[in-house]
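Everything below concerns the one structure shown next.
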Amino acid sequence: MDFYLDLTASSSCVGLPAIAFLRVNPDAILNPGGEISGLTIQASLNHNGIDVNRSSYIRIANNRVRDTGTGIAVTNSFKAIVDGNRMNRTDAAITLQNAPGVGGIFDSSETSVTDNRITDNLNRAMRLKANGSGAKPLRKLIVTGNTITNYGLTGIYVVAGVQNSRIENNYVQGAPNSYYALWIGSINPGEDDNPIGSNPNPPLNASFDNQINLNTFIGGNTGQFDVSFNGSPNVAGPDQPSISRGWKGNNTLGSGGIDPTASNFCSQYSHAYWVYQNGLNYVPSGGIIYLAAAGIYPGTKATYHIRRPNEVTDVMTITTQTAANSVCVLNQENSPSINLQPGLYDVYIDLKDGNARYSNPSSGAPVPINNWLQSVKLDVR
């Protein structure tokens with residue numbers, strides 16, 4: 001039986017009898033904030049369990065989902081909550097995504113995925129993805145307190161386009177023949193570049209600047225790695241501030257460790273930044289700032305896009321005069337004069353990652369990181 005729930009009328013779906021699968025009406029943002037809770041859903045691998053599309057602020061909590069395709073799928077739904085659900089024997093348990101070609105306010109950023117328990121899924125336990133041309137990035141996700149055991153292929157798959165998010169205090173352990181407990185990428189092979197390597201310029205949407213802390217990642221126990229930024233096929237994931245190709249940070253790993261890259265290119269994760277002059281915490285209108293970067297591909301520059309908050313047009317664009325040296329460092333240099341009206345400005349940065357390569361993980365082209373929204377604003381006074 002296919003239950004169809006129309007949340008534009010502020011409906012909730014709480015405590016229904018066991019059902020096969022449930023789809024939520026698109027465009028439920030018209031009256032957001034519905035709830036799907038207390039359901040028991042059992043279907044087949046041909047159907048998703050709970051399928052939510054363009055339904056912002058929806059809460060999906062305390063459901064039991066088993067024997068489905070994707071257990072819970074959330075697409076282009078802002079600030080959704082997926083909490084306390086129990087899923088087993090699904091193909092994929094939770095998929096959170098921004099699909100390409102969906103404009104306006106429909107965006108799954110700032111969604112929370114917390115305290116879910118996932119067992120015995122066949123494929124990917126959790127997929128976070130904004131892949132494909134035109135997909136909005138997934139920003140400021142919170143993925144905490146989830147327990148994933150006996151997964152089939154991968155545990156938490158940070159597929160593409162995931163930025164400025166928190167993945168913390170999760171326990172992920174695979175079945176004996178499983179692959180990576182954590183897989184970080186810039187592309188979803190088979191969707192963006194099929195067959196692999198056929199497109200020299202696939203739509204790489206890098207996942208970057210994510211805080212990945214205090215997790216347990218244990219892959220399969222038959223010689224598989226616990227964490228990979230490359231993998232087979234290569235998904236070209238950038239190093240993150242708190243875990244990288246050469247450093248597990250404060251995460252606990254199994255015996256497999258981190259999938260090594262043929263060459264370790266840069267000692268730091270890729271990032272660019274600015275520094276105010278003379279000990280100030282702002283730049284005077286007409287003054288200058290220092291620009292610098294580390295972990296970026298040798299011979300490349302960084303570009304700073306300065307915009308008014310929540311706007312898409314640059315009021316000032318700065319590309320560094322010098323390029324990164326052979327050890328991936330772009331030494332500090334002066335900016336042009338910042339001739340802007342006083343106020344707080346968003347800064348987006350473009351650069352080339354010094355560690356992630358596509359399609360060959362050791363000799364391919366650097367993965368571009370574009371439109372990196374900085375966590376601090378440029379203060380002009």
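Identifiers in the structure tokens: chain A, B, ... in order shown; residue index from 1 per chain; ligand index from 1 in order shown.
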
Out of stretch 108-268 of chain A, which residues get strand (DSSP E) from DSSP, as a ChimeraX atom specification? /A:112-114,117-119,124-129,138-139,142-144,147-151,154-160,162-163,166-168,171-174,182-184,211-213,216-218,227-228,252-253

Those residues you just picked out, can you put them in a file as a PDB file, in the first residue's frame with C-alpha atoms?
ATOM      1  CA  SER A 112      20.198  16.892  11.551  1.00  0.00           C
ATOM      2  CA  VAL A 113      20.679  13.100  11.450  1.00  0.00           C
ATOM      3  CA  THR A 114      20.953  11.970  15.058  1.00  0.00           C
ATOM      4  CA  ARG A 117      20.399   2.775  14.682  1.00  0.00           C
ATOM      5  CA  ILE A 118      21.207   0.983  11.433  1.00  0.00           C
ATOM      6  CA  THR A 119      21.950  -2.744  11.155  1.00  0.00           C
ATOM      7  CA  ARG A 124      25.630   2.172   1.832  1.00  0.00           C
ATOM      8  CA  ALA A 125      24.384   2.753   5.353  1.00  0.00           C
ATOM      9  CA  MET A 126      24.309   6.555   5.108  1.00  0.00           C
ATOM     10  CA  ARG A 127      24.794   8.694   2.007  1.00  0.00           C
ATOM     11  CA  LEU A 128      25.247  12.470   2.097  1.00  0.00           C
ATOM     12  CA  LYS A 129      25.389  13.894  -1.394  1.00  0.00           C
ATOM     13  CA  LEU A 138      24.855  20.497   1.517  1.00  0.00           C
ATOM     14  CA  ARG A 139      26.023  22.894   4.231  1.00  0.00           C
ATOM     15  CA  ILE A 142      24.740  17.651  11.896  1.00  0.00           C
ATOM     16  CA  VAL A 143      25.370  13.892  11.886  1.00  0.00           C
ATOM     17  CA  THR A 144      25.859  12.734  15.467  1.00  0.00           C
ATOM     18  CA  THR A 147      25.140   3.588  15.448  1.00  0.00           C
ATOM     19  CA  ILE A 148      25.801   1.608  12.270  1.00  0.00           C
ATOM     20  CA  THR A 149      26.710  -2.083  12.439  1.00  0.00           C
ATOM     21  CA  ASN A 150      27.187  -4.894   9.947  1.00  0.00           C
ATOM     22  CA  TYR A 151      26.788  -2.627   6.918  1.00  0.00           C
ATOM     23  CA  THR A 154      30.236   1.496   3.142  1.00  0.00           C
ATOM     24  CA  GLY A 155      29.172   3.073   6.415  1.00  0.00           C
ATOM     25  CA  ILE A 156      29.015   6.875   6.172  1.00  0.00           C
ATOM     26  CA  TYR A 157      29.554   7.909   2.553  1.00  0.00           C
ATOM     27  CA  VAL A 158      30.203  11.640   2.223  1.00  0.00           C
ATOM     28  CA  VAL A 159      29.613  11.439  -1.496  1.00  0.00           C
ATOM     29  CA  ALA A 160      30.005  14.973  -2.819  1.00  0.00           C
ATOM     30  CA  VAL A 162      29.118  18.335   1.698  1.00  0.00           C
ATOM     31  CA  GLN A 163      30.530  21.448   3.367  1.00  0.00           C
ATOM     32  CA  ARG A 166      29.689  18.126  11.736  1.00  0.00           C
ATOM     33  CA  ILE A 167      30.068  14.341  11.757  1.00  0.00           C
ATOM     34  CA  GLU A 168      30.715  13.469  15.386  1.00  0.00           C
ATOM     35  CA  TYR A 171      29.891   4.365  15.839  1.00  0.00           C
ATOM     36  CA  VAL A 172      30.343   2.629  12.473  1.00  0.00           C
ATOM     37  CA  GLN A 173      31.412  -1.020  12.107  1.00  0.00           C
ATOM     38  CA  GLY A 174      31.147  -3.130   8.990  1.00  0.00           C
ATOM     39  CA  LEU A 182      33.963   6.453   6.204  1.00  0.00           C
ATOM     40  CA  TRP A 183      34.335   7.344   2.523  1.00  0.00           C
ATOM     41  CA  ILE A 184      34.812  10.974   1.498  1.00  0.00           C
ATOM     42  CA  GLN A 211      34.502  18.608  11.300  1.00  0.00           C
ATOM     43  CA  ILE A 212      34.781  14.819  11.756  1.00  0.00           C
ATOM     44  CA  ASN A 213      35.494  14.142  15.404  1.00  0.00           C
ATOM     45  CA  THR A 216      34.648   5.082  15.704  1.00  0.00           C
ATOM     46  CA  PHE A 217      35.243   3.853  12.155  1.00  0.00           C
ATOM     47  CA  ILE A 218      35.846   0.110  11.700  1.00  0.00           C
ATOM     48  CA  VAL A 227      38.636   5.314   6.009  1.00  0.00           C
ATOM     49  CA  SER A 228      39.255   6.322   2.411  1.00  0.00           C
ATOM     50  CA  THR A 252      39.115   5.711  16.689  1.00  0.00           C
ATOM     51  CA  LEU A 253      39.914   3.363  13.806  1.00  0.00           C
TER      52      LEU A 253
END

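The environment of A:Gly287 within 7 Å, counting only C-alpha atoms and disregarding residues fewer than 2 places along the same chain, consists of A:Val283, A:Pro284, A:Ser285, A:Ser337, A:Ile338.
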
Choose the residue, out of A:Ser362, A:Asn146, A:Asn339, A:Asn76, that has the smallest atom-to-atom separation from A:Gly286; count only C-alpha atoms.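 Residue with the minimum atom-to-atom distance to A:Gly286: A:Asn339.
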
Give me the residues near A:Ala61 as a PyMOL selection string, where near means some atom within 7 Å (using only C-alpha atoms) and where sequence neighbours in that chain fewer than 5 positions away do not count. chain A and resi 36-37+82-85

Those same residues - C-alpha atoms - I'd like them written as a short mmCIF file (atom, residue, chain, number, x, y, z; two decimals), in the first residue's frame.
data_model
loop_
_atom_site.label_atom_id
_atom_site.label_comp_id
_atom_site.auth_asym_id
_atom_site.auth_seq_id
_atom_site.Cartn_x
_atom_site.Cartn_y
_atom_site.Cartn_z
CA ILE A 36 6.42 11.36 10.54
CA SER A 37 6.88 9.24 13.63
CA VAL A 82 15.96 12.49 11.17
CA ASP A 83 16.17 11.21 14.73
CA GLY A 84 15.89 7.98 16.66
CA ASN A 85 14.86 5.72 13.79
#
